[in-house]
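File shown here: structure.pdb, holding PDB, C-alpha atoms.
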```pdb
MODEL        1
ATOM      1  CA  MET A1236     -12.732  -9.714 -42.852
ATOM      2  CA  THR A1237     -12.391 -11.611 -46.106
ATOM      3  CA  ARG A1238     -15.174 -11.357 -48.652
ATOM      4  CA  VAL A1239     -16.126 -14.684 -50.130
ATOM      5  CA  TYR A1240     -17.951 -14.196 -53.387
ATOM      6  CA  VAL A1241     -20.808 -16.518 -54.242
ATOM      7  CA  CYS A1242     -21.824 -14.836 -57.503
ATOM      8  CA  ASN A1243     -18.982 -13.377 -59.502
ATOM      9  CA  CYS A1244     -21.307 -12.050 -62.206
ATOM     10  CA  PHE A1245     -22.973  -9.606 -59.797
ATOM     11  CA  GLY A1246     -20.387  -9.489 -56.989
ATOM     12  CA  VAL A1247     -22.648 -11.060 -54.362
ATOM     13  CA  THR A1248     -20.923 -12.325 -51.213
ATOM     14  CA  GLU A1249     -21.814 -15.067 -48.735
ATOM     15  CA  ALA A1250     -22.584 -12.331 -46.193
ATOM     16  CA  GLN A1251     -25.090 -10.744 -48.587
ATOM     17  CA  VAL A1252     -26.806 -14.087 -49.182
ATOM     18  CA  ALA A1253     -27.007 -14.624 -45.420
ATOM     19  CA  LYS A1254     -28.457 -11.122 -44.962
ATOM     20  CA  HIS A1255     -31.154 -11.756 -47.571
ATOM     21  CA  ALA A1256     -31.894 -15.144 -45.983
ATOM     22  CA  GLU A1257     -32.344 -13.455 -42.597
ATOM     23  CA  GLY A1258     -34.773 -11.135 -44.343
ATOM     24  CA  GLY A1259     -36.861 -14.102 -45.452
ATOM     25  CA  ALA A1260     -35.376 -15.185 -48.792
ATOM     26  CA  CYS A1261     -35.136 -18.959 -48.347
ATOM     27  CA  THR A1262     -34.763 -20.279 -51.893
ATOM     28  CA  PRO A1263     -32.258 -19.555 -54.668
ATOM     29  CA  ARG A1264     -35.086 -17.907 -56.627
ATOM     30  CA  GLN A1265     -35.864 -15.576 -53.713
ATOM     31  CA  ILE A1266     -32.163 -14.759 -53.351
ATOM     32  CA  ALA A1267     -32.063 -13.996 -57.096
ATOM     33  CA  SER A1268     -35.012 -11.632 -56.701
ATOM     34  CA  ALA A1269     -33.232  -9.854 -53.874
ATOM     35  CA  CYS A1270     -29.780  -9.410 -55.439
ATOM     36  CA  LYS A1271     -29.679 -11.016 -58.935
ATOM     37  CA  ALA A1272     -27.299 -13.778 -57.797
ATOM     38  CA  GLY A1273     -27.810 -16.833 -60.003
ATOM     39  CA  THR A1274     -29.565 -15.011 -62.828
ATOM     40  CA  ASP A1275     -26.687 -14.677 -65.294
ATOM     41  CA  CYS A1276     -24.499 -17.729 -65.836
ATOM     42  CA  GLY A1277     -26.125 -19.789 -63.055
ATOM     43  CA  SER A1278     -22.905 -21.342 -61.804
ATOM     44  CA  CYS A1279     -23.533 -20.044 -58.269
ATOM     45  CA  VAL A1280     -26.997 -21.545 -57.785
ATOM     46  CA  ARG A1281     -25.672 -24.742 -56.178
ATOM     47  CA  ARG A1282     -23.492 -22.687 -53.842
ATOM     48  CA  ILE A1283     -26.522 -20.604 -52.847
ATOM     49  CA  GLN A1284     -28.501 -23.800 -52.227
ATOM     50  CA  ALA A1285     -25.687 -25.079 -50.021
ATOM     51  CA  LEU A1286     -25.578 -21.822 -48.032
ATOM     52  CA  LEU A1287     -29.322 -21.877 -47.501
ATOM     53  CA  GLY A1288     -29.137 -25.511 -46.443
ATOM     54  CA  ARG A1289     -26.471 -24.729 -43.831
ATOM     55  CA  GLY A1290     -28.720 -22.540 -41.759
ATOM     56  CA  ALA A1291     -28.336 -19.203 -43.524
ATOM     57  CA  CYS A1292     -32.120 -19.238 -43.676
ATOM     58  CA  PRO A1293     -33.500 -19.000 -40.141
ATOM     59  CA  ARG A1294     -37.166 -19.132 -41.167
ATOM     60  CA  ARG A1295     -38.639 -22.260 -42.629
ATOM     61  CA  GLU A1296     -42.085 -22.677 -44.053
ATOM     62  CA  PRO A1297     -44.358 -25.114 -42.175
ATOM     63  CA  ALA A1298     -44.144 -27.530 -45.117
ATOM     64  CA  ASP A1299     -40.352 -27.638 -44.688
ATOM     65  CA  GLN A1300     -40.888 -28.598 -41.040
ATOM     66  CA  GLY A1301     -43.281 -31.426 -41.862
ATOM     67  CA  GLU A1302     -46.373 -29.578 -40.651
ATOM     68  CA  PRO A1303     -49.569 -29.905 -42.685
ATOM     69  CA  MET A1304     -49.968 -26.822 -44.863
ATOM     70  CA  LEU A1305     -53.616 -27.106 -45.792
ATOM     71  CA  THR A1306     -54.730 -27.042 -42.188
ATOM     72  CA  GLY A1307     -53.032 -23.694 -41.607
ATOM     73  CA  LEU A1308     -54.269 -22.282 -44.900
ATOM     74  CA  ALA A1309     -57.826 -23.373 -44.195
ATOM     75  CA  ALA A1310     -57.757 -21.743 -40.760
ATOM     76  CA  THR A1311     -56.389 -18.526 -42.262
ATOM     77  CA  ALA A1312     -59.051 -18.517 -44.979
ATOM     78  CA  LEU A1313     -61.823 -19.095 -42.435
ATOM     79  CA  ALA A1314     -60.560 -16.272 -40.227
ATOM     80  CA  ALA A1315     -60.376 -13.884 -43.201
ATOM     81  CA  ARG A1316     -63.881 -14.864 -44.277
ATOM     82  CA  ALA A1317     -65.220 -14.254 -40.755
ATOM     83  CA  GLU A1318     -63.610 -10.799 -40.703
ATOM     84  CA  LEU A1319     -65.249  -9.928 -44.030
ATOM     85  CA  GLU A1320     -68.623 -11.115 -42.817
ATOM     86  CA  ASP A1321     -68.295  -9.113 -39.592
ATOM     87  CA  ALA A1322     -67.357  -5.994 -41.553
ATOM     88  CA  ALA A1323     -70.427  -6.307 -43.808
TER      89      ALA A1323
ENDMDL
END
```
This entry written out as C-alpha cells:
Amino acid sequence: MTRVYVCNCFGVTEAQVAKHAEGGACTPRQIASACKAGTDCGSCVRRIQALLGRGACPRREPADQGEPMLTGLAATALAARAELEDAA
C-alpha cells in the first residue's frame, strides 16, 4: 500500500487523517491537535479540508446537518439541571 503524505513537515498520511477523523476530529484544527498536521508551514491545511469534506469525517455536528443547535443545547441544559435538583 502506498503512503500518501498530507503533511510533509510531520509525516502525516491520508490514512492517519482518516483515522483521526473516524475518532471524531472533524476540522483541520482538531486534526492539528491530534497529530500536529498543519501547524508548521500550513501548506497542508487545504488538503486536510478537502479530505474531511470527502467523507473522511463520518460524524457531523447537528449544525452541519442543518438541525437547530440551540434546541438541543437547551434540552441538554434542562436535563442536567433536573439531575442536579434531584440529587440535592
For this session: Would you list the residues near (-21.2, -13.3, -49.5), meaning any protein, DNA or RNA residue with an atom at most 10 Å from that point in file coordinates, counting all atoms listed in the file, as a ChimeraX atom specification?
Result: /A:1237-1242,1246-1254,1283,1286
With C-alpha atoms retained, could you export that selection as a PDB file, in the frame of the given file?
```pdb
ATOM      1  CA  THR A1237     -12.391 -11.611 -46.106  1.00  0.00           C
ATOM      2  CA  ARG A1238     -15.174 -11.357 -48.652  1.00  0.00           C
ATOM      3  CA  VAL A1239     -16.126 -14.684 -50.130  1.00  0.00           C
ATOM      4  CA  TYR A1240     -17.951 -14.196 -53.387  1.00  0.00           C
ATOM      5  CA  VAL A1241     -20.808 -16.518 -54.242  1.00  0.00           C
ATOM      6  CA  CYS A1242     -21.824 -14.836 -57.503  1.00  0.00           C
ATOM      7  CA  GLY A1246     -20.387  -9.489 -56.989  1.00  0.00           C
ATOM      8  CA  VAL A1247     -22.648 -11.060 -54.362  1.00  0.00           C
ATOM      9  CA  THR A1248     -20.923 -12.325 -51.213  1.00  0.00           C
ATOM     10  CA  GLU A1249     -21.814 -15.067 -48.735  1.00  0.00           C
ATOM     11  CA  ALA A1250     -22.584 -12.331 -46.193  1.00  0.00           C
ATOM     12  CA  GLN A1251     -25.090 -10.744 -48.587  1.00  0.00           C
ATOM     13  CA  VAL A1252     -26.806 -14.087 -49.182  1.00  0.00           C
ATOM     14  CA  ALA A1253     -27.007 -14.624 -45.420  1.00  0.00           C
ATOM     15  CA  LYS A1254     -28.457 -11.122 -44.962  1.00  0.00           C
ATOM     16  CA  ILE A1283     -26.522 -20.604 -52.847  1.00  0.00           C
ATOM     17  CA  LEU A1286     -25.578 -21.822 -48.032  1.00  0.00           C
TER      18      LEU A1286
END
```
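Atom to atom, CA of Arg1281 in chain A and CA of Ile1266 in chain A stand 12.2 Å apart.
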Exercise. Can you list, as number ranges by chain, the residues that the PyMOL selection byres ((chain A and resi 1272) around 8) selects here?
Worked result: A: 1241-1242, 1244-1245, 1247, 1266-1267, 1270-1271, 1273-1275, 1279-1280
Problem set entry | For CA of Ala1315 in chain A and CA of Thr1262 in chain A, the interatomic separation in Å (one decimal) | 27.8 Å
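Remark: for Arg1282 in chain A, the closest of the candidate residues A:His1255, A:Glu1320, A:Ala1314, A:Pro1263 is A:Pro1263 (distances computed over all atoms listed in the file).
One distance worth recording is that between CA of Glu1257 in chain A and CA of Arg1289 in chain A, which is 12.8 Å.
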Put a box with edges along x, y and z around all the listed atoms of range 1244-1250 of chain A, pad it by 5 Å on each side, then give me its centre and sizes in Å, one decimal, as JSON.
```
{"center_x": -21.7, "center_y": -12.3, "center_z": -54.2, "size_x": 12.6, "size_y": 15.6, "size_z": 26.0}
```
